[in-house]
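Comments concern the structure below.
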There are 2 protein chains.
Amino acid sequence: MSIANADDTSPTTMSDVSTVDKTSTSADRAQWVANPPEPPGICRELIQWLCDAMFPDPTKLFPLKNKTGTAVVGRLLKGVFPILCWGKSYNLGKFKNDILAGLTLASLCIPQSIGYANLAKLDPQYGLYTSIVPPLVYAILGSSREIAIGPVAIISMLLPTMIQKIQDPAADPFAYRNLVFTTTFFAGIFQAAFGLFRLGFLVDFLSQAAIVGFMGGAAIVIGLQQLKGLLGITHFTNKTDIISVMEAVFASFHHLNDQWNPLNFIIGTSFLSFILITKLLGKKYKKVFWLPAMAPLVSVILSTLLVFLTRADEHGVKIVKRVPPGLNPISTQNIQIHTPHISQILNAALIVAVVALTEAIAVGRSLASMKGYNIDGNKEMVALGFMNLAGSLTSCYTATGSLSRSAVNFSAGCETPVSNVVMAVTVMISLKMFTKLLYFTPNAILASIILSALPGLVDIHQAYNIWKIDKLDFLACLAAFFGVLFLSVEFGLLLSLVISFAKIIVISIKPGTEILGKIPGTDTFCDIHQYPMALNTPGVLIVRVKSGLLCFANANFVKDRILRFISSQEASGKGIAQFLVIDLSNLMNIDTSGIASLEELHNSLATSGIEMAVANPKWQVIHKLKVSNFVAKLKGRVFLSVGEAVDACLSAKMAAAI
Amino acid sequence: MSIANADDTSPTTMSDVSTVDKTSTSADRAQWVANPPEPPGICRELIQWLCDAMFPDPTKLFPLKNKTGTAVVGRLLKGVFPILCWGKSYNLGKFKNDILAGLTLASLCIPQSIGYANLAKLDPQYGLYTSIVPPLVYAILGSSREIAIGPVAIISMLLPTMIQKIQDPAADPFAYRNLVFTTTFFAGIFQAAFGLFRLGFLVDFLSQAAIVGFMGGAAIVIGLQQLKGLLGITHFTNKTDIISVMEAVFASFHHLNDQWNPLNFIIGTSFLSFILITKLLGKKYKKVFWLPAMAPLVSVILSTLLVFLTRADEHGVKIVKRVPPGLNPISTQNIQIHTPHISQILNAALIVAVVALTEAIAVGRSLASMKGYNIDGNKEMVALGFMNLAGSLTSCYTATGSLSRSAVNFSAGCETPVSNVVMAVTVMISLKMFTKLLYFTPNAILASIILSALPGLVDIHQAYNIWKIDKLDFLACLAAFFGVLFLSVEFGLLLSLVISFAKIIVISIKPGTEILGKIPGTDTFCDIHQYPMALNTPGVLIVRVKSGLLCFANANFVKDRILRFISSQEASGKGIAQFLVIDLSNLMNIDTSGIASLEELHNSLATSGIEMAVANPKWQVIHKLKVSNFVAKLKGRVFLSVGEAVDACLSAKMAAAI
């Protein structure tokens, strides 16, 4: 049996063995425990793991049944272009559903795109451009059927916070835009590279708790920034932390006359209430799901008409003004690879790439699992990466899968990525024909559209769930939340990453032991606190190490704890154990310090006349115990299970009594 | 049963239960698994853990039998002053052994102290002072019987490397000395505080591998620095890294005439060969253990005589010159708490304190386990801390337990810390009477004494052992070694610390699964690769998560791996599993991402018609699975053991077949 190929060995091969031997003596079994095959070395494990991570499932590419060349090429092509998979069975019924979903999507997407472009400190048309090329590219390469591609709030907020440190968008919008496209270009390269090198697992390093906290904090930061548009303030802070923003708001209140304009506020809040009410209705009555999806577009049309008819722009209402008509201009010359700020750009691109991937893959996965299919994270990354690469060359900023619009797409009954195509075409038509109509659109309405999308980012239910399940996870969540809110987006992400990994260390080395007892009616031994009905065996103390790793950081503690327990037993006159069985089944691994402390424990027990036995060591552990000669010191007291160890102890006791 | 008091619950209380119920049905057991008592919360666990760490074993202080006031006070006093424990049974026979060991120790200690003082860039008498007060204080407070207290090589090298950055010892020896005493003062405070707050476990964070690498690197660094004394070079580098030192040596070779003096080299190397030969003899013939112990003193006497008779100091041999007679002067006014460099001093003191504790406790523990008793790390730290505090006030620099001298003390047959007292008194007498005789002692002989002690620090055997047992541990060892050698002592320590903890993370989150099979003749299910004789159960796939933690960093990988394995099974036509049993016994903990991926796995399997069952979840895991409602989704398919899960699957299959 090949060991390198560890998990691909089928258990059915075992049935050959089963005919040979179905019984065994305890002596056989002790031999089996003490003499396992050589476990895979660290290099082999590393290679195996890299292979697993790097190469897609070979059985899917090269199934056993069909090995002709054309079939393999066909499968390869289908792997790269999922459109070939669903394209064959595409029909008019599906197309009808997709058109409906795509139009609903477009009606939500157009106002959101303009709003998000505003948030990203770009002109409105760039948001619309971003709703054209990326969705079209994704429709060909992407494997999720429900995801809606385009600009999203988080990315639109992240980009300026990082790029305006290099270039103030108000001072030189052209230079700023170049940097945005360059960042998008590199973000696309990072994403595609992650996918091609199958580093999809890196995205998992942002834990769910961190994402919930991050999204919540980002939503509040974005919301606060909308106060600028909602209040019609001209001078506002570029910082994102809550303290700077609140200071800027209060400063504008102090200069009420020259800064603040109540008309903006009235328009903004009244349409915000309208959108929020339609959202509530949509949530309550599933049949009118299109109502909240249409509300932003209706708001834009109504408010634009209002401003146009009343000429409110002459009374201080800030408006969008000219949006140049026409489709995405080519922007290859805007990509600046030789900028002196390349390291900052790369840093920003990495963060944007990771956050964009995290959102898209989280959305894609959760919708896919609802429909019962699976998404290959790595393939998805390649699709998102190429989509952003193409986008950066056609005047788009970073696009990804939108949480809110994907949900609308799903409810609208989309069948395939064609809904994204329909949406993109609709946006194209609008860009060609209706940009003039956007002239009088008030900025306040854009702010209220962004604000109305934010509640979806604050997932209080999930945060409560995390609190209920895992307090340390919740701490990581809070760290991300407050880090984003009070410090900066990058710092919040970093902090929650550090806490998440610190948590892994703490849990892994948390030293602990548990006393085991026999579950009545079975041969199973379990923690007496988890199973209060467990029975003890007189004279035999059974201890399990309560950690996956016995290493330098916890081995001494575990040893001391066992010795202390034995001495407290003796001191309290509760009878002296003659045998100590250590259940090693929890240990995935052990290091030299861990072995040394087991040896010290063995020596200490030997001087007190207590015999030590070891039960159920895992592969790596028994191997190391053998190599370090500890197994020899135990003189054969290594057993397959706690039950066998206890039986052996009891018969030794009987023999001694006779 | 109290849960907070987790491990102190005696299993003997369980015997009352055992009379009530000795059998159970599988339905009972499923209930037991699914409805465990509430596990201790994170706060409770933290408090429990802090109590364990902070307070000494209460049963030792307040045993149940004897609770009168005087007895408790007596025990408290004995706890603080171990001398009260062994003092009672002290007799003439033991005293004889201690005198012999103490005198042997003194003969080794006097030349080493002078050499180490030289290494620490202090005048020779400070080394001798350090061999008086600390051993006397330790004899009263310390609990190790074999440890030999005094200056050691590592600390003598560490102190100047860190302090000469603040103050050049050659420019102002007085100011430098003040800083050394201040560092010792704070190191003592740190050590005592570690012990009093029972933070002894922090010392464990320096893994054995890191210590081996660090010691090896430090030995080479110290050895290279001795080239100064051995070659009689006046101008030498203050840096410790190998490159700077080699540059300084080559520079001195280039100016042969004014720098290098061959006489020093001849004296040094000839006596070094003498000491090393006696060491080899001592190792070979255990009876002449005193020979290597006396050799340094004999070398000092012979070389001093030689220089005195030939007046070689007039021909370029560097000599010690005047050593002021008299005992330790009080140095309270030398402690500079209000220095502007206090943060650097505190940093140095912390490193010195930790390294000193690590060496002393490692030595103490290994010798104690040879004699079959146990050392309380925390108590030991208090003793070492107060000893250094007292030392810093009486012109001593940081002392600790010496590796080489403790071994000599042990071989010389010491019985109690009285051997340290005998040594201290001998050093006192020498300081009073014989300092004049040191005038002509050549510096080269001090270098050779230090050099002869270094091979004991390079533990190649242990390094090979680490390589054999754990390749990643060996990496930490190498990092410490090369870090110390090529960069700096602090950096080497830090690097190995980082690698050690990174290793914990990697091992803890390394995602993996193993297929289980039934061990013939038992109800135990084990990894089919560790036990190739394990038998499969047709139609039931049994998978165990091969990691102690199912968390954000590995949960998706584990899920994908299981799904991939199932689809590869199907693709290869090896029969489709109808049931998947996941053995969770390895999982100490799970987080929200882990639960989410179990749910996704459950959904994916449900669409393929595969039923999922869970076996043997640990306390925290089943609790979280319950809180998150996953147990409800499993519809009772949670079992105590893999065996019961498989039985349940098989009977479900039978029922379906009928």
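To be explicit about the labels: the chains of the structure tokens are called A, B, and onward in the order shown, and within each one the residues are counted from 1, while ligands get numbers from 1 in the order they are shown.
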
Point to revise | Nearby residues (only C-alpha atoms) at most 9 Å from segment 323-327 of chain B, same-chain spacing under 3 positions excluded, as a PyMOL selection string | key: chain B and resi 123-125+129+132+320+428-439

File of the preceding selection, N, CA and C atoms, as a tab-separated table (two decimals), in the first residue's frame:
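Result file follows (part_36.tsv):
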```
chain	number	residue	atom	x	y	z
B	123	ASP	N	36.76	43.05	36.39
B	123	ASP	CA	38.02	42.64	37.02
B	123	ASP	C	37.84	41.27	37.67
B	124	PRO	N	38.95	40.52	37.82
B	124	PRO	CA	38.85	39.13	38.28
B	124	PRO	C	38.10	38.97	39.60
B	125	GLN	N	38.29	39.92	40.55
B	125	GLN	CA	37.67	39.73	41.87
B	125	GLN	C	36.15	39.64	41.79
B	129	TYR	N	33.75	37.25	43.82
B	129	TYR	CA	32.63	37.71	44.65
B	129	TYR	C	31.35	36.95	44.32
B	132	ILE	N	30.55	33.78	46.00
B	132	ILE	CA	30.39	33.75	47.46
B	132	ILE	C	28.94	33.97	47.87
B	320	VAL	N	47.34	39.06	34.80
B	320	VAL	CA	46.16	39.57	35.49
B	320	VAL	C	46.50	40.84	36.26
B	428	MET	N	36.07	32.53	49.84
B	428	MET	CA	36.28	33.65	50.76
B	428	MET	C	37.70	33.64	51.31
B	429	ILE	N	38.13	32.48	51.74
B	429	ILE	CA	39.48	32.37	52.30
B	429	ILE	C	40.52	32.76	51.26
B	430	SER	N	40.32	32.27	50.03
B	430	SER	CA	41.28	32.61	48.97
B	430	SER	C	41.32	34.11	48.75
B	431	LEU	N	40.12	34.72	48.75
B	431	LEU	CA	40.05	36.16	48.50
B	431	LEU	C	40.76	36.93	49.61
B	432	LYS	N	40.64	36.45	50.82
B	432	LYS	CA	41.29	37.11	51.96
B	432	LYS	C	42.80	36.98	51.87
B	433	MET	N	43.27	35.79	51.46
B	433	MET	CA	44.68	35.49	51.67
B	433	MET	C	45.52	35.36	50.41
B	434	PHE	N	44.94	34.86	49.33
B	434	PHE	CA	45.82	34.46	48.22
B	434	PHE	C	45.74	35.35	46.98
B	435	THR	N	45.06	36.49	47.05
B	435	THR	CA	44.90	37.28	45.82
B	435	THR	C	46.23	37.78	45.28
B	436	LYS	N	47.18	38.00	46.20
B	436	LYS	CA	48.49	38.46	45.74
B	436	LYS	C	49.14	37.46	44.79
B	437	LEU	N	48.85	36.19	45.04
B	437	LEU	CA	49.48	35.14	44.24
B	437	LEU	C	48.99	35.16	42.79
B	438	LEU	N	47.83	35.85	42.55
B	438	LEU	CA	47.28	35.86	41.19
B	438	LEU	C	47.96	36.89	40.30
B	439	TYR	N	48.87	37.72	40.88
B	439	TYR	CA	49.43	38.83	40.14
B	439	TYR	C	50.01	38.39	38.79
```

**Study point:** Residues of segment 567-600 of chain A in strand (DSSP E or B), written as a VMD selection string
**Key:** chain A and resid 579 to 583 589 to 590

Please write the residues from the selection above to a file, keeping N, CA and C atoms, as a compact mmCIF listing (two decimals), in the first residue's frame.
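Result written to result.txt:
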```txt
# COMPACT_ATOMS: atom_id res chain seq x y z
N PHE A 579 -1.26 1.72 38.97
CA PHE A 579 -0.98 1.83 37.54
C PHE A 579 -1.46 3.18 37.03
N LEU A 580 -0.70 3.72 36.12
CA LEU A 580 -1.15 4.93 35.45
C LEU A 580 -1.21 4.62 33.96
N VAL A 581 -2.40 4.73 33.40
CA VAL A 581 -2.55 4.54 31.95
C VAL A 581 -2.68 5.93 31.32
N ILE A 582 -1.77 6.25 30.42
CA ILE A 582 -1.88 7.53 29.73
C ILE A 582 -2.43 7.29 28.34
N ASP A 583 -3.60 7.87 28.10
CA ASP A 583 -4.22 7.74 26.79
C ASP A 583 -3.66 8.85 25.91
N ASN A 589 0.92 14.93 17.56
CA ASN A 589 2.37 15.00 17.43
C ASN A 589 2.99 15.26 18.79
N ILE A 590 4.27 15.04 18.87
CA ILE A 590 5.01 15.22 20.12
C ILE A 590 6.38 15.73 19.72
```

Exercise for review: Quick one: everything within 8 Å of Ser604 of chain A, counting only C-alpha atoms, minus sequence neighbours fewer than 2 positions away in the same chain. Send it as a PyMOL selection string.
Suggested key: (chain A and resi 600-602+606-608) or (chain B and resi 369+372-374)

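Closest approach to chain A among B:Ala383, B:Ile140, B:Ala577, B:Leu650: B:Ala577, based on only C-alpha atoms.
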
Practice item. Identify which of the residues A:Leu158, A:Leu77, A:Leu640, A:Val422 lies closest to chain B, counting only C-alpha atoms when measuring atom-to-atom distances. Key: A:Leu640

Review point. Hey, can you check how far atom CA of Gly232 of chain B sits from atom CA of Pro442 of chain B?
Key: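 Answer for the atom CA of Gly232 of chain B to atom CA of Pro442 of chain B separation: 9.8 Å.
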
Report as a CSV table (one decimal) with C-alpha atoms, in the first residue's frame all protein, DNA and RNA residues lying within 12 Å of Leu159 of chain A, evaluated on only C-alpha atoms, omitting residues in the same chain fewer than 4 positions from it.
```csv
chain,number,residue,atom,x,y,z
A,116,TYR,CA,-20.0,53.3,-5.2
A,117,ALA,CA,-17.9,55.3,-7.8
A,118,ASN,CA,-18.6,58.3,-5.7
A,119,LEU,CA,-17.4,56.4,-2.6
A,120,ALA,CA,-14.3,55.4,-4.5
A,121,LYS,CA,-13.7,59.1,-5.3
A,122,LEU,CA,-14.1,58.4,-9.0
A,151,PRO,CA,-18.3,47.4,-7.8
A,152,VAL,CA,-19.0,46.8,-4.1
A,153,ALA,CA,-19.1,49.0,-1.1
A,154,ILE,CA,-16.1,47.5,0.8
A,155,ILE,CA,-13.7,47.7,-2.1
A,163,ILE,CA,-4.5,55.3,-2.4
A,164,GLN,CA,-5.2,58.8,-1.2
A,165,LYS,CA,-2.2,58.5,1.0
A,166,ILE,CA,-0.1,58.5,-2.2
A,167,GLN,CA,-2.2,60.9,-4.3
A,169,PRO,CA,-7.9,62.6,-5.6
A,176,TYR,CA,-5.4,59.2,-8.7
A,177,ARG,CA,-7.3,57.3,-11.3
A,179,LEU,CA,-3.2,54.6,-9.4
A,180,VAL,CA,-6.6,53.0,-8.9
A,181,PHE,CA,-6.3,51.2,-12.3
A,182,THR,CA,-2.8,50.1,-11.4
A,183,THR,CA,-3.9,48.8,-8.1
A,184,THR,CA,-6.8,46.9,-9.8
A,187,ALA,CA,-5.0,42.9,-7.6
A,240,THR,CA,-11.8,56.6,7.7
A,344,GLN,CA,2.6,50.9,-1.6
A,345,ILE,CA,0.5,50.0,-4.6
A,347,ASN,CA,0.5,46.4,-0.7
A,348,ALA,CA,-2.8,48.0,-1.4
A,349,ALA,CA,-3.4,45.6,-4.3
A,350,LEU,CA,-2.8,42.6,-2.1
A,351,ILE,CA,-5.2,43.7,0.5
A,352,VAL,CA,-7.9,44.6,-2.1
A,353,ALA,CA,-7.3,41.3,-3.8
A,355,VAL,CA,-10.8,41.2,0.6
A,356,ALA,CA,-12.4,41.0,-2.9
A,397,TYR,CA,-11.8,49.6,-10.9
A,398,THR,CA,-11.7,46.4,-8.8
A,399,ALA,CA,-15.0,44.4,-9.1
A,489,VAL,CA,-9.0,49.1,7.7
A,490,GLU,CA,-5.6,47.4,7.3
```

Practice item. Please measure the separation of atom CA of Ala444 of chain A and atom CA of Leu485 of chain A, giving the value in Å to one decimal. Key: 23.3 Å

Exercise for review: Within 10 Å of Phe630 of chain A, counting only C-alpha atoms, which residues show up once you throw out same-chain ones fewer than 4 positions away? Write them as a list in words, please.
Suggested key: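 In the requested form, the answer reads Ile595, Ala596, Leu598, Glu599, His602, Ile622, Lys624, Leu625, Lys626, Leu634 and Lys635 of chain A.
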
Any chance you can output those residues with C-alpha atoms as a short mmCIF file (atom, residue, chain, number, x, y, z; two decimals), in the first residue's frame?
```cif
data_model
loop_
_atom_site.label_atom_id
_atom_site.label_comp_id
_atom_site.auth_asym_id
_atom_site.auth_seq_id
_atom_site.Cartn_x
_atom_site.Cartn_y
_atom_site.Cartn_z
CA ILE A 595 9.18 12.94 25.06
CA ALA A 596 11.60 14.19 27.72
CA LEU A 598 7.12 11.64 29.48
CA GLU A 599 10.45 10.09 30.43
CA HIS A 602 8.06 7.58 33.95
CA ILE A 622 4.50 6.02 18.35
CA LYS A 624 8.90 9.21 17.70
CA LEU A 625 8.52 7.34 20.97
CA LYS A 626 10.19 4.37 19.30
CA LEU A 634 8.03 1.08 28.84
CA LYS A 635 8.84 -2.62 28.48
#
```

Check your understanding: Could you name the residues that touch segment 82-84 of chain B at 8 Å or less, counting only C-alpha atoms, but leaving out those on the same chain fewer than 3 positions away, as a PyMOL selection string?
Key -> chain B and resi 77-79+87-88+139-143

Residue selection dump (N, CA and C atoms) as a tab-separated table (two decimals), in the first residue's frame:
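This went into part_1.tsv:
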```tsv
chain	number	residue	atom	x	y	z
B	77	LEU	N	6.93	27.49	56.42
B	77	LEU	CA	8.35	27.82	56.57
B	77	LEU	C	9.21	26.83	55.79
B	78	LYS	N	8.83	25.55	55.90
B	78	LYS	CA	9.60	24.53	55.17
B	78	LYS	C	9.49	24.75	53.67
B	79	GLY	N	8.31	25.23	53.25
B	79	GLY	CA	8.13	25.51	51.83
B	79	GLY	C	9.06	26.62	51.37
B	87	GLY	N	17.73	19.95	56.78
B	87	GLY	CA	18.58	20.30	57.93
B	87	GLY	C	18.43	19.31	59.08
B	88	LYS	N	17.18	18.87	59.30
B	88	LYS	CA	16.90	18.01	60.45
B	88	LYS	C	17.69	16.72	60.41
B	139	ALA	N	21.84	28.29	49.15
B	139	ALA	CA	21.87	27.16	50.09
B	139	ALA	C	20.70	27.23	51.06
B	140	ILE	N	20.25	28.45	51.37
B	140	ILE	CA	19.13	28.59	52.31
B	140	ILE	C	17.78	28.44	51.60
B	141	LEU	N	17.67	29.02	50.40
B	141	LEU	CA	16.36	29.08	49.73
B	141	LEU	C	16.15	28.00	48.68
B	142	GLY	N	17.21	27.47	48.11
B	142	GLY	CA	17.07	26.60	46.95
B	142	GLY	C	16.65	25.19	47.29
B	143	SER	N	16.04	24.51	46.34
B	143	SER	CA	15.57	23.16	46.62
B	143	SER	C	16.36	22.09	45.89
```

Exercise for review: Give me every alpha helix (DSSP H) residue in segment 176-282 of chain B, going by DSSP on the backbone, as a PyMOL selection string.
Suggested key: chain B and resi 176-196+201-204+208-231+242-254+256-259+262-282

Selected residues written out, C-alpha atoms, as a PDB file, in the first residue's frame:
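Final file, selection.pdb:
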```pdb
ATOM      1  CA  TYR B 176      30.008  49.778  33.023  1.00  0.00           C
ATOM      2  CA  ARG B 177      30.142  47.909  36.340  1.00  0.00           C
ATOM      3  CA  ASN B 178      27.256  49.959  37.686  1.00  0.00           C
ATOM      4  CA  LEU B 179      25.162  48.951  34.700  1.00  0.00           C
ATOM      5  CA  VAL B 180      26.104  45.301  35.204  1.00  0.00           C
ATOM      6  CA  PHE B 181      25.012  45.425  38.842  1.00  0.00           C
ATOM      7  CA  THR B 182      21.803  47.235  37.881  1.00  0.00           C
ATOM      8  CA  THR B 183      21.063  44.591  35.250  1.00  0.00           C
ATOM      9  CA  THR B 184      21.706  41.854  37.814  1.00  0.00           C
ATOM     10  CA  PHE B 185      19.414  43.652  40.259  1.00  0.00           C
ATOM     11  CA  PHE B 186      16.538  43.747  37.787  1.00  0.00           C
ATOM     12  CA  ALA B 187      17.250  40.225  36.573  1.00  0.00           C
ATOM     13  CA  GLY B 188      16.860  39.125  40.200  1.00  0.00           C
ATOM     14  CA  ILE B 189      13.595  41.013  40.499  1.00  0.00           C
ATOM     15  CA  PHE B 190      12.302  39.436  37.269  1.00  0.00           C
ATOM     16  CA  GLN B 191      13.287  35.963  38.402  1.00  0.00           C
ATOM     17  CA  ALA B 192      11.724  36.338  41.844  1.00  0.00           C
ATOM     18  CA  ALA B 193       8.586  37.823  40.278  1.00  0.00           C
ATOM     19  CA  PHE B 194       8.310  34.932  37.805  1.00  0.00           C
ATOM     20  CA  GLY B 195       8.477  32.552  40.741  1.00  0.00           C
ATOM     21  CA  LEU B 196       6.136  34.474  43.031  1.00  0.00           C
ATOM     22  CA  PHE B 201       5.826  27.874  32.603  1.00  0.00           C
ATOM     23  CA  LEU B 202       7.175  30.869  30.665  1.00  0.00           C
ATOM     24  CA  VAL B 203      10.640  29.339  30.885  1.00  0.00           C
ATOM     25  CA  ASP B 204       9.255  26.317  29.055  1.00  0.00           C
ATOM     26  CA  GLN B 208      14.785  22.152  24.300  1.00  0.00           C
ATOM     27  CA  ALA B 209      15.716  22.435  20.644  1.00  0.00           C
ATOM     28  CA  ALA B 210      16.126  26.193  20.923  1.00  0.00           C
ATOM     29  CA  ILE B 211      18.297  25.797  24.018  1.00  0.00           C
ATOM     30  CA  VAL B 212      20.549  23.233  22.358  1.00  0.00           C
ATOM     31  CA  GLY B 213      21.019  25.479  19.338  1.00  0.00           C
ATOM     32  CA  PHE B 214      21.490  28.570  21.440  1.00  0.00           C
ATOM     33  CA  MET B 215      24.065  26.939  23.719  1.00  0.00           C
ATOM     34  CA  GLY B 216      25.990  25.597  20.763  1.00  0.00           C
ATOM     35  CA  GLY B 217      26.049  28.947  19.016  1.00  0.00           C
ATOM     36  CA  ALA B 218      26.958  30.764  22.227  1.00  0.00           C
ATOM     37  CA  ALA B 219      29.807  28.327  22.912  1.00  0.00           C
ATOM     38  CA  ILE B 220      31.309  29.043  19.508  1.00  0.00           C
ATOM     39  CA  VAL B 221      30.880  32.793  19.987  1.00  0.00           C
ATOM     40  CA  ILE B 222      32.541  32.614  23.404  1.00  0.00           C
ATOM     41  CA  GLY B 223      35.316  30.447  22.010  1.00  0.00           C
ATOM     42  CA  LEU B 224      36.004  32.937  19.238  1.00  0.00           C
ATOM     43  CA  GLN B 225      36.178  35.759  21.745  1.00  0.00           C
ATOM     44  CA  GLN B 226      38.805  33.840  23.676  1.00  0.00           C
ATOM     45  CA  LEU B 227      41.106  34.264  20.694  1.00  0.00           C
ATOM     46  CA  LYS B 228      41.730  37.717  22.130  1.00  0.00           C
ATOM     47  CA  GLY B 229      43.254  36.309  25.320  1.00  0.00           C
ATOM     48  CA  LEU B 230      44.844  33.329  23.627  1.00  0.00           C
ATOM     49  CA  LEU B 231      46.573  35.459  21.001  1.00  0.00           C
ATOM     50  CA  ILE B 242      31.308  35.297  13.863  1.00  0.00           C
ATOM     51  CA  ILE B 243      32.013  37.610  10.943  1.00  0.00           C
ATOM     52  CA  SER B 244      33.086  40.597  13.053  1.00  0.00           C
ATOM     53  CA  VAL B 245      35.222  38.378  15.275  1.00  0.00           C
ATOM     54  CA  MET B 246      36.989  36.713  12.359  1.00  0.00           C
ATOM     55  CA  GLU B 247      37.637  40.114  10.811  1.00  0.00           C
ATOM     56  CA  ALA B 248      39.217  41.311  14.060  1.00  0.00           C
ATOM     57  CA  VAL B 249      41.384  38.202  14.251  1.00  0.00           C
ATOM     58  CA  PHE B 250      42.580  38.553  10.665  1.00  0.00           C
ATOM     59  CA  ALA B 251      43.232  42.251  11.209  1.00  0.00           C
ATOM     60  CA  SER B 252      45.480  41.395  14.163  1.00  0.00           C
ATOM     61  CA  PHE B 253      47.346  38.812  12.061  1.00  0.00           C
ATOM     62  CA  HIS B 254      48.074  41.522   9.524  1.00  0.00           C
ATOM     63  CA  LEU B 256      51.740  40.728  13.598  1.00  0.00           C
ATOM     64  CA  ASN B 257      54.501  42.688  15.259  1.00  0.00           C
ATOM     65  CA  ASP B 258      52.590  45.215  17.306  1.00  0.00           C
ATOM     66  CA  GLN B 259      49.622  43.001  18.165  1.00  0.00           C
ATOM     67  CA  PRO B 262      53.237  33.930  20.250  1.00  0.00           C
ATOM     68  CA  LEU B 263      54.201  33.384  23.913  1.00  0.00           C
ATOM     69  CA  ASN B 264      50.591  33.919  25.023  1.00  0.00           C
ATOM     70  CA  PHE B 265      49.476  31.435  22.426  1.00  0.00           C
ATOM     71  CA  ILE B 266      52.010  28.819  23.512  1.00  0.00           C
ATOM     72  CA  ILE B 267      51.113  29.096  27.198  1.00  0.00           C
ATOM     73  CA  GLY B 268      47.388  29.075  26.436  1.00  0.00           C
ATOM     74  CA  THR B 269      47.343  26.140  24.047  1.00  0.00           C
ATOM     75  CA  SER B 270      49.694  23.952  26.076  1.00  0.00           C
ATOM     76  CA  PHE B 271      47.621  24.281  29.220  1.00  0.00           C
ATOM     77  CA  LEU B 272      44.414  23.936  27.199  1.00  0.00           C
ATOM     78  CA  SER B 273      45.723  20.610  25.897  1.00  0.00           C
ATOM     79  CA  PHE B 274      46.561  19.588  29.465  1.00  0.00           C
ATOM     80  CA  ILE B 275      43.051  20.403  30.729  1.00  0.00           C
ATOM     81  CA  LEU B 276      41.384  18.684  27.776  1.00  0.00           C
ATOM     82  CA  ILE B 277      43.481  15.537  28.250  1.00  0.00           C
ATOM     83  CA  THR B 278      42.506  15.363  31.948  1.00  0.00           C
ATOM     84  CA  LYS B 279      38.873  15.814  30.848  1.00  0.00           C
ATOM     85  CA  LEU B 280      39.156  12.871  28.497  1.00  0.00           C
ATOM     86  CA  LEU B 281      40.766  10.787  31.240  1.00  0.00           C
ATOM     87  CA  GLY B 282      38.032  11.790  33.673  1.00  0.00           C
TER      88      GLY B 282
END
```

**Study point:** Closest of B:Val33, B:Ala175, B:Cys649, B:Leu475 to chain A - atom-to-atom distances counting only C-alpha atoms
**Key:**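 For chain A, the nearest of the candidates is B:Val33.
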